[in-house]
>>> print(open('entry.cif').read())   # mmCIF, C-alpha atoms
data_run
#
loop_
_atom_site.label_atom_id
_atom_site.label_comp_id
_atom_site.auth_asym_id
_atom_site.auth_seq_id
_atom_site.Cartn_x
_atom_site.Cartn_y
_atom_site.Cartn_z
CA MET A 925 -47.15 -15.44 92.15
CA ASP A 926 -46.47 -12.16 90.39
CA ILE A 927 -45.36 -10.19 93.41
CA THR A 928 -41.98 -11.57 94.24
CA SER A 929 -39.74 -10.46 97.07
CA GLU A 930 -38.07 -8.04 94.67
CA TYR A 931 -41.34 -6.13 94.24
CA VAL A 932 -41.75 -6.00 98.00
CA ALA A 933 -38.19 -4.69 98.32
CA ALA A 934 -38.80 -2.07 95.62
CA LEU A 935 -42.01 -0.77 97.16
CA ARG A 936 -40.45 -0.85 100.60
CA SER A 937 -37.53 1.19 99.31
CA CYS A 938 -39.91 3.64 97.68
CA LEU A 939 -41.83 4.11 100.93
CA THR A 940 -38.95 4.23 103.36
CA GLY A 941 -36.20 5.81 101.28
CA GLU A 942 -33.97 2.93 102.32
CA GLY A 943 -32.19 0.72 99.80
CA ASP A 944 -31.56 1.26 96.11
CA TYR A 945 -34.99 1.79 94.56
CA SER A 946 -33.58 2.68 91.14
CA GLY A 947 -31.48 -0.47 91.05
CA LEU A 948 -34.36 -2.65 92.23
CA SER A 949 -36.69 -1.11 89.66
CA ALA A 950 -34.17 -1.57 86.87
CA GLY A 951 -33.75 -5.21 87.86
CA LEU A 952 -37.51 -5.81 87.72
CA GLN A 953 -37.77 -4.15 84.32
CA ALA A 954 -34.92 -6.27 82.98
CA ARG A 955 -36.47 -9.47 84.36
CA ASP A 956 -40.19 -8.94 83.71
CA GLY A 957 -40.20 -6.30 80.99
CA GLY A 958 -41.03 -2.64 81.38
CA ASP A 959 -44.80 -2.85 80.87
CA ARG A 960 -45.35 -5.95 82.98
CA SER A 961 -43.18 -4.80 85.86
CA ALA A 962 -44.88 -1.40 85.85
CA ARG A 963 -48.33 -3.02 85.85
CA ILE A 964 -47.42 -5.30 88.74
CA PHE A 965 -45.73 -2.54 90.73
CA LEU A 966 -48.67 -0.16 90.31
CA ALA A 967 -51.15 -2.89 91.24
CA PHE A 968 -49.06 -3.58 94.33
CA ALA A 969 -48.83 0.10 95.28
CA GLY A 970 -52.56 0.53 94.61
CA ALA A 971 -53.30 -2.41 96.90
CA ALA A 972 -51.09 -0.81 99.55
CA LEU A 973 -53.14 2.36 99.29
CA ARG A 974 -56.37 0.35 99.66
CA CYS A 975 -55.07 -1.42 102.76
CA ALA A 976 -53.76 1.79 104.33
CA ALA A 977 -56.92 3.76 103.56
CA ARG A 978 -59.13 1.05 105.00
CA ARG A 979 -57.00 0.97 108.12
CA ARG A 980 -57.40 4.74 108.39
CA PHE A 981 -61.18 4.64 107.97
CA PRO A 982 -62.25 1.22 109.26
CA GLU A 983 -65.82 2.31 109.95
CA GLY A 984 -66.32 3.89 106.54
CA TYR A 985 -65.66 7.41 105.42
CA THR A 986 -67.32 10.73 104.72
CA ASP A 987 -66.57 13.23 101.99
CA ALA A 988 -65.07 15.46 104.68
CA ASP A 989 -62.68 12.65 105.71
CA VAL A 990 -61.40 12.38 102.15
CA VAL A 991 -61.06 16.14 101.66
CA ARG A 992 -59.17 16.55 104.94
CA LEU A 993 -56.86 13.60 104.29
CA VAL A 994 -55.94 14.90 100.84
CA GLY A 995 -55.50 18.42 102.19
CA HIS A 996 -53.16 17.11 104.87
CA THR A 997 -51.11 15.14 102.37
CA ARG A 998 -50.89 17.99 99.89
CA ALA A 999 -49.94 20.48 102.57
CA ARG A 1000 -47.18 18.20 103.78
CA PHE A 1001 -45.67 17.71 100.34
CA ALA A 1002 -46.23 21.29 99.16
CA GLU A 1003 -43.45 22.38 101.51
CA ASP A 1004 -41.06 20.48 99.24
CA GLY A 1005 -42.63 21.92 96.10
CA TYR A 1006 -44.27 18.59 95.23
CA GLU A 1007 -47.67 19.26 93.73
CA VAL A 1008 -50.47 16.75 94.06
CA ASP A 1009 -53.65 17.32 92.07
CA PRO A 1010 -56.39 17.54 94.72
CA LEU A 1011 -59.26 16.13 92.70
CA ALA A 1012 -57.19 13.24 91.36
CA ALA A 1013 -55.99 12.50 94.91
CA GLU A 1014 -59.52 12.57 96.31
CA ALA A 1015 -60.64 10.26 93.51
CA ILE A 1016 -58.02 7.61 94.21
CA VAL A 1017 -58.75 7.71 97.93
CA ARG A 1018 -62.45 7.17 97.22
CA ASP A 1019 -61.55 4.38 94.81
CA ALA A 1020 -59.33 2.80 97.46
CA LEU A 1021 -62.24 2.94 99.89
CA GLY A 1022 -64.59 1.18 97.51
CA ASP A 1023 -66.05 3.85 95.23
CA THR A 1024 -64.51 2.43 92.08
CA ALA A 1025 -66.40 4.86 89.83
CA ALA A 1026 -64.58 7.80 91.43
CA THR A 1027 -61.53 7.53 89.18
CA ALA A 1028 -63.45 7.13 85.92
CA HIS A 1029 -62.74 10.61 84.58
CA GLN A 1030 -59.44 11.33 86.23
CA ASP A 1031 -56.08 11.70 84.54
CA GLY A 1032 -53.88 8.63 85.01
CA LEU A 1033 -50.67 10.58 85.43
CA ALA A 1034 -52.21 12.88 88.03
CA MET A 1035 -53.48 9.86 89.97
CA GLY A 1036 -50.09 8.18 89.73
CA THR A 1037 -48.44 11.33 91.04
CA ALA A 1038 -50.85 11.42 93.97
CA LEU A 1039 -50.55 7.76 94.94
CA PHE A 1040 -47.22 7.73 96.75
CA PRO A 1041 -47.64 10.93 98.77
CA LEU A 1042 -51.02 9.64 99.95
CA LEU A 1043 -49.58 6.27 100.79
CA LEU A 1044 -46.69 7.78 102.72
CA ASP A 1045 -49.01 10.05 104.66
CA LEU A 1046 -51.44 7.25 105.46
CA LEU A 1047 -48.63 5.00 106.69
CA ASP A 1048 -47.45 7.82 108.94
CA GLN A 1049 -50.95 8.44 110.25
CA GLU A 1050 -51.37 4.74 110.97
CA GLY A 1051 -48.03 4.62 112.75
CA ILE A 1052 -46.52 2.11 110.34
CA THR A 1053 -42.81 2.76 110.74
CA ALA A 1054 -40.04 1.74 108.36
CA ASP A 1055 -39.37 -1.47 110.29
CA GLN A 1056 -43.07 -2.40 110.12
CA VAL A 1057 -43.50 -1.78 106.39
CA ASP A 1058 -42.27 -5.25 105.43
CA ASP A 1059 -44.86 -6.90 107.63
CA PHE A 1060 -47.61 -4.61 106.35
CA LEU A 1061 -46.69 -5.30 102.73
CA THR A 1062 -46.26 -9.05 103.01
CA THR A 1063 -49.18 -9.90 105.27
CA GLU A 1064 -51.80 -7.40 104.14
CA VAL A 1065 -50.92 -5.99 100.77
CA VAL A 1066 -49.42 -8.87 98.79
CA PRO A 1067 -52.51 -11.11 99.12
CA LEU A 1068 -54.80 -8.31 98.01
CA ALA A 1069 -52.60 -7.39 95.07
CA GLU A 1070 -52.17 -11.03 94.02
CA ALA A 1071 -55.93 -11.51 94.06
CA TRP A 1072 -56.43 -8.38 91.97
CA LEU A 1073 -53.79 -9.47 89.44
CA ALA A 1074 -55.33 -12.94 89.26
CA ARG A 1075 -58.73 -11.42 88.48
CA GLU A 1076 -57.12 -9.32 85.78
CA LYS A 1077 -55.54 -12.41 84.24
CA SER A 1078 -58.74 -14.41 84.31
CA ALA A 1079 -60.76 -11.62 82.71
CA SER A 1080 -61.08 -12.02 78.98
CA PRO A 1081 -59.43 -9.45 76.72
CA SER A 1082 -62.89 -8.10 75.91
CA ASP A 1083 -63.64 -7.71 79.61
CA ARG A 1084 -60.42 -5.79 80.10
CA ALA A 1085 -61.10 -3.60 77.09
CA SER A 1086 -64.50 -2.66 78.44
CA ARG A 1087 -63.13 -1.43 81.77
CA MET B 758 -70.79 55.01 90.40
CA PRO B 759 -69.54 53.75 93.77
CA VAL B 760 -70.96 50.85 95.78
CA THR B 761 -74.36 51.75 97.28
CA ASP B 762 -75.64 51.30 100.83
CA ASP B 763 -78.08 48.64 99.64
CA GLU B 764 -75.26 46.63 98.12
CA VAL B 765 -73.32 46.79 101.38
CA ALA B 766 -76.50 45.86 103.23
CA ALA B 767 -76.90 42.78 101.02
CA LEU B 768 -73.38 41.62 101.82
CA ARG B 769 -73.87 42.37 105.51
CA ALA B 770 -77.05 40.28 105.51
CA TYR B 771 -75.21 37.40 103.84
CA LEU B 772 -72.34 37.52 106.32
CA ARG B 773 -74.76 37.60 109.23
CA GLY B 774 -76.55 34.56 107.85
CA ASN B 775 -79.73 36.41 106.97
CA GLN B 776 -80.24 34.73 103.62
CA ALA B 777 -83.81 36.02 103.16
CA LEU B 778 -82.74 39.64 103.47
CA GLN B 779 -79.69 39.08 101.32
CA GLN B 780 -81.86 37.51 98.60
CA GLU B 781 -84.35 40.33 98.81
CA LEU B 782 -81.67 42.99 98.50
CA TYR B 783 -79.86 41.09 95.79
CA GLY B 784 -83.12 40.76 93.88
CA ARG B 785 -83.30 44.54 93.73
CA MET B 786 -80.01 44.68 91.87
CA THR B 787 -81.60 44.47 88.48
CA THR B 788 -79.06 46.31 86.36
CA PRO B 789 -75.75 44.93 85.12
CA ALA B 790 -74.01 47.89 86.76
CA ALA B 791 -75.50 47.09 90.16
CA ARG B 792 -74.54 43.42 89.87
CA ALA B 793 -71.03 44.41 88.80
CA ARG B 794 -70.70 46.68 91.84
CA TYR B 795 -71.91 43.92 94.13
CA SER B 796 -69.43 41.47 92.57
CA ALA B 797 -66.66 44.01 93.07
CA LEU B 798 -67.68 44.42 96.70
CA VAL B 799 -67.72 40.66 97.30
CA ALA B 800 -64.32 40.25 95.66
CA ALA B 801 -62.86 43.13 97.68
CA ALA B 802 -64.28 41.64 100.88
CA PHE B 803 -62.80 38.25 100.02
CA PHE B 804 -59.32 39.68 99.47
CA GLU B 805 -59.56 41.79 102.62
CA ALA B 806 -60.62 38.74 104.61
CA VAL B 807 -57.78 36.66 103.19
CA ASP B 808 -55.28 39.38 104.02
CA ARG B 809 -56.54 39.52 107.59
CA ARG B 810 -56.56 35.72 107.96
CA PHE B 811 -53.15 35.01 106.50
CA GLY B 812 -51.49 38.28 107.45
CA GLY B 813 -49.27 38.40 104.40
CA ARG B 814 -47.75 34.98 105.08
CA ASP B 815 -47.12 32.98 101.92
CA SER B 816 -47.40 29.43 103.17
CA ALA B 817 -48.61 27.00 100.54
CA SER B 818 -49.28 24.33 103.13
CA GLU B 819 -51.35 26.66 105.31
CA VAL B 820 -53.47 27.70 102.33
CA ILE B 821 -53.96 24.10 101.21
CA GLU B 822 -55.05 22.99 104.68
CA TYR B 823 -57.40 25.93 105.05
CA VAL B 824 -59.09 25.28 101.71
CA ALA B 825 -59.46 21.61 102.60
CA ASP B 826 -60.88 22.50 105.99
CA VAL B 827 -63.49 24.85 104.52
CA ARG B 828 -64.47 22.32 101.83
CA ALA B 829 -64.81 19.64 104.48
CA ARG B 830 -67.06 21.74 106.73
CA VAL B 831 -69.94 21.59 104.26
CA PRO B 832 -69.08 18.69 101.96
CA GLU B 833 -72.00 19.19 99.58
CA VAL B 834 -70.73 22.71 98.90
CA GLY B 835 -67.11 21.65 99.08
CA GLN B 836 -67.62 19.10 96.33
CA GLU B 837 -68.53 21.94 93.99
CA ILE B 838 -65.33 23.83 94.77
CA ASP B 839 -62.19 22.91 92.89
CA PRO B 840 -59.44 23.45 95.48
CA SER B 841 -56.76 24.49 93.00
CA PRO B 842 -58.33 27.81 91.89
CA ALA B 843 -59.42 28.48 95.47
CA GLU B 844 -55.84 28.09 96.66
CA ARG B 845 -54.59 30.29 93.83
CA LEU B 846 -57.07 33.06 94.62
CA ILE B 847 -56.08 33.01 98.29
CA SER B 848 -52.36 32.92 97.48
CA ARG B 849 -52.80 35.81 95.07
CA VAL B 850 -53.25 38.12 98.05
CA MET B 851 -49.78 37.20 99.27
CA THR B 852 -47.96 36.67 95.97
CA GLY B 853 -49.79 38.90 93.49
CA ALA B 854 -49.82 36.00 91.05
CA ASP B 855 -52.02 36.29 87.98
CA THR B 856 -55.40 34.55 88.29
CA SER B 857 -57.04 36.00 85.18
CA ASP B 858 -57.36 32.54 83.63
CA ILE B 859 -59.85 31.45 86.31
CA ALA B 860 -63.41 31.75 85.00
CA GLY B 861 -65.57 34.48 86.51
CA ARG B 862 -68.23 31.99 87.59
CA THR B 863 -65.62 29.87 89.37
CA LYS B 864 -64.20 32.92 91.09
CA GLY B 865 -67.64 34.06 92.19
CA LYS B 866 -68.44 30.73 93.82
CA ILE B 867 -65.09 30.67 95.61
CA PHE B 868 -65.46 34.26 96.84
CA ILE B 869 -68.91 33.59 98.28
CA VAL B 870 -68.04 30.31 100.01
CA PHE B 871 -64.65 31.34 101.38
CA LEU B 872 -65.69 34.85 102.34
CA MET B 873 -68.35 33.40 104.61
CA ALA B 874 -65.86 30.96 106.11
CA LEU B 875 -63.18 33.60 106.65
CA VAL B 876 -65.56 36.05 108.29
CA SER B 877 -67.13 33.32 110.38
CA ASP B 878 -63.68 32.24 111.59
CA ALA B 879 -62.79 35.84 112.46
CA GLN B 880 -65.79 36.03 114.82
CA TYR B 881 -66.30 39.75 114.33
CA ASP B 882 -68.62 41.64 116.62
CA ASP B 883 -70.92 44.26 115.06
CA VAL B 884 -68.34 47.02 115.22
CA GLN B 885 -65.62 44.87 113.71
CA LEU B 886 -67.93 43.66 110.96
CA GLU B 887 -68.82 47.24 110.04
CA ALA B 888 -65.14 48.16 109.92
CA PHE B 889 -64.49 45.15 107.73
CA LEU B 890 -67.32 46.07 105.36
CA ALA B 891 -66.16 49.69 105.23
CA GLU B 892 -62.67 48.57 104.24
CA ALA B 893 -64.04 46.26 101.56
CA ARG B 894 -66.32 49.01 100.26
CA LYS B 895 -63.41 51.43 100.01
CA THR B 896 -61.32 48.89 98.09
CA ALA B 897 -64.23 48.10 95.78
CA ASP B 898 -64.84 51.79 95.12
CA ASP B 899 -61.17 52.33 94.34
CA GLY B 900 -61.33 49.47 91.87
CA LEU B 901 -64.52 50.74 90.26
CA GLU B 902 -63.03 54.19 89.83
CA ALA B 903 -59.87 52.91 88.19
#
>>> encode(input="entry.cif", output="structure tokens")
Amino acid sequence: MDITSEYVAALRSCLTGEGDYSGLSAGLQARDGGDRSARIFLAFAGAALRCAARRRFPEGYTDADVVRLVGHTRARFAEDGYEVDPLAAEAIVRDALGDTAATAHQDGLAMGTALFPLLLDLLDQEGITADQVDDFLTTEVVPLAEAWLAREKSASPSDRASR
Amino acid sequence: MPVTDDEVAALRAYLRGNQALQQELYGRMTTPAARARYSALVAAAFFEAVDRRFGGRDSASEVIEYVADVRARVPEVGQEIDPSPAERLISRVMTGADTSDIAGRTKGKIFIVFLMALVSDAQYDDVQLEAFLAEARKTADDGLEA
């Protein structure tokens, strides 16, 4: 198991603003190493986005759904001066909904910047409150993220390089 | 030379959804000067429409949501529109920010798509549409004279 309770606590803190995210993150980096902890945390957060997006669009999605979702998220965060690249955000939503080619030509930093605002907005839209985040993360997200990380581990180095 | 009646008629046809007439009139604009005047008219109409829609308010979130809404209405067109320059061109009306780095072709596409949306949303009757076009023509003429 890569995703220990500390990763759940860190992502929970990131999403709810409760707890000491910086301290939790520093602890994970010290224990697992900077690169490994970052890879696990991003895989976990990415899985959370997939779960939340699929909850939001259980019957599938249209291009208009994606554009409106990203517009809503960006508008919400723009009030605080937080800029989310619209095309990168639309790409990671499409990726989360199954179009894995959507992110092929997008900037990694821009997608990383978009991930958390989208996730926060989706959780709000799905009515997942702070006291329900733990349940969402442990029952839905952890299994998906663990499966993804296991596939990554089982892939040969040449497989990974070709992705 | 100021904007001609035919150039205004072409924009009127476009805004009324008469694509055949708009294409016919646009096809008659065979000189670079005529095309430049028409582009100036379209740009002036876009900025006038933005000013009327947003009324001088500088709300980043309102602009973002509007651009997303317009792109979502016709997704196949919306996919060809990069929202960032569209938002900047709309915000320019309120902030006066420089948008000279946005390519002319990109601007043209944004003007055409968003002008139609803005005018459609405004639901002008014939009199109001004529007043709108007259205002845009005046602005375009002022710009062409400068």
>>> interface_residues(input="entry.cif", of="chain A", to="chain B", cutoff="12 Å", atoms="only C-alpha atoms", output="ChimeraX atom specification")
/A:986-1015
>>> closest_residue(input="entry.cif", among="A:Ala1074, A:Leu1047, A:Ala976, A:Leu935", to="Ala962 in chain A", atoms="only C-alpha atoms")
A:Leu935
>>> atom_distance(input="entry.cif", atom1="CA of Ala767 in chain B", atom2="CA of Ala891 in chain B")
13.4 Å
>>> atom_distance(input="entry.cif", atom1="CA of Val760 in chain B", atom2="CA of Val834 in chain B")
28.3 Å
>>> atom_distance(input="entry.cif", atom1="CA of Ala791 in chain B", atom2="CA of Arg773 in chain B")
21.3 Å
>>> resolve_selection(input="entry.cif", expression="the PyMOL selection byres ((chain A and resi 1067) around 12)", output="PyMOL selection string")
chain A and resi 925-928+932+967-968+971-972+975+1060-1066+1068-1074
>>> closest_residue(input="entry.cif", among="A:Gly947, A:Pro1041, A:Gly1036, A:Gly1022", to="Arg974 in chain A", atoms="only C-alpha atoms")
A:Gly1022
>>> resolve_selection(input="entry.cif", expression="the PyMOL selection byres ((chain B and resi 895) around 12)", output="list of chain:residue names")
B:Pro759, B:Val760, B:Thr761, B:Val765, B:Arg794, B:Ala797, B:Leu798, B:Val799, B:Ala801, B:Ala802, B:Glu805, B:Ala888, B:Phe889, B:Leu890, B:Ala891, B:Glu892, B:Ala893, B:Arg894, B:Thr896, B:Ala897, B:Asp898, B:Asp899, B:Gly900, B:Leu901, B:Glu902
>>> residues_around(input="entry.cif", residues="Leu875 in chain B", least_positions_apart="5", cutoff="8 Å", atoms="all atoms listed in the file", output="list of chain:residue names")
B:Ala806, B:Val807, B:Arg810
>>> build_atoms(input="entry.cif", residues="range 834-860 of chain B", atoms="N, CA and C atoms", output="tab-separated table (two decimals), in the frame of the given file")
chain	number	residue	atom	x	y	z
B	834	VAL	N	-71.22	21.48	99.55
B	834	VAL	CA	-70.73	22.71	98.90
B	834	VAL	C	-69.27	22.51	98.48
B	835	GLY	N	-68.52	21.88	99.35
B	835	GLY	CA	-67.11	21.65	99.08
B	835	GLY	C	-66.86	20.85	97.82
B	836	GLN	N	-67.78	19.91	97.53
B	836	GLN	CA	-67.62	19.10	96.33
B	836	GLN	C	-67.72	19.94	95.07
B	837	GLU	N	-68.37	21.08	95.17
B	837	GLU	CA	-68.53	21.94	93.99
B	837	GLU	C	-67.37	22.92	93.84
B	838	ILE	N	-66.48	22.90	94.81
B	838	ILE	CA	-65.33	23.83	94.77
B	838	ILE	C	-64.07	23.06	94.37
B	839	ASP	N	-63.48	23.48	93.28
B	839	ASP	CA	-62.19	22.91	92.89
B	839	ASP	C	-61.13	23.58	93.76
B	840	PRO	N	-60.39	22.82	94.55
B	840	PRO	CA	-59.44	23.45	95.48
B	840	PRO	C	-58.33	24.24	94.80
B	841	SER	N	-57.92	23.82	93.62
B	841	SER	CA	-56.76	24.49	93.00
B	841	SER	C	-57.00	25.97	92.74
B	842	PRO	N	-58.11	26.36	92.06
B	842	PRO	CA	-58.33	27.81	91.89
B	842	PRO	C	-58.59	28.53	93.21
B	843	ALA	N	-59.20	27.84	94.17
B	843	ALA	CA	-59.42	28.48	95.47
B	843	ALA	C	-58.08	28.80	96.14
B	844	GLU	N	-57.17	27.85	96.08
B	844	GLU	CA	-55.84	28.09	96.66
B	844	GLU	C	-55.12	29.21	95.92
B	845	ARG	N	-55.27	29.24	94.61
B	845	ARG	CA	-54.59	30.29	93.83
B	845	ARG	C	-55.16	31.67	94.17
B	846	LEU	N	-56.46	31.75	94.32
B	846	LEU	CA	-57.07	33.06	94.62
B	846	LEU	C	-56.66	33.54	96.02
B	847	ILE	N	-56.54	32.62	96.95
B	847	ILE	CA	-56.08	33.01	98.29
B	847	ILE	C	-54.60	33.42	98.24
B	848	SER	N	-53.80	32.62	97.55
B	848	SER	CA	-52.36	32.92	97.48
B	848	SER	C	-52.09	34.22	96.75
B	849	ARG	N	-52.99	34.58	95.85
B	849	ARG	CA	-52.80	35.81	95.07
B	849	ARG	C	-52.63	37.02	95.99
B	850	VAL	N	-53.33	36.98	97.12
B	850	VAL	CA	-53.25	38.12	98.05
B	850	VAL	C	-51.81	38.27	98.56
B	851	MET	N	-51.14	37.14	98.75
B	851	MET	CA	-49.78	37.20	99.27
B	851	MET	C	-48.73	37.35	98.17
B	852	THR	N	-49.01	36.73	97.01
B	852	THR	CA	-47.96	36.67	95.97
B	852	THR	C	-48.21	37.62	94.81
B	853	GLY	N	-49.46	38.06	94.65
B	853	GLY	CA	-49.79	38.90	93.49
B	853	GLY	C	-49.82	38.14	92.19
B	854	ALA	N	-49.85	36.81	92.27
B	854	ALA	CA	-49.82	36.00	91.05
B	854	ALA	C	-51.08	36.23	90.20
B	855	ASP	N	-50.92	36.07	88.92
B	855	ASP	CA	-52.02	36.29	87.98
B	855	ASP	C	-53.06	35.17	88.11
B	856	THR	N	-54.32	35.56	88.22
B	856	THR	CA	-55.40	34.55	88.29
B	856	THR	C	-56.45	34.83	87.23
B	857	SER	N	-56.05	35.58	86.19
B	857	SER	CA	-57.04	36.00	85.18
B	857	SER	C	-57.57	34.83	84.36
B	858	ASP	N	-56.88	33.70	84.40
B	858	ASP	CA	-57.36	32.54	83.63
B	858	ASP	C	-58.50	31.80	84.34
B	859	ILE	N	-58.77	32.13	85.59
B	859	ILE	CA	-59.85	31.45	86.31
B	859	ILE	C	-61.18	32.08	85.90
B	860	ALA	N	-62.12	31.26	85.50
B	860	ALA	CA	-63.41	31.75	85.00
B	860	ALA	C	-64.14	32.58	86.06
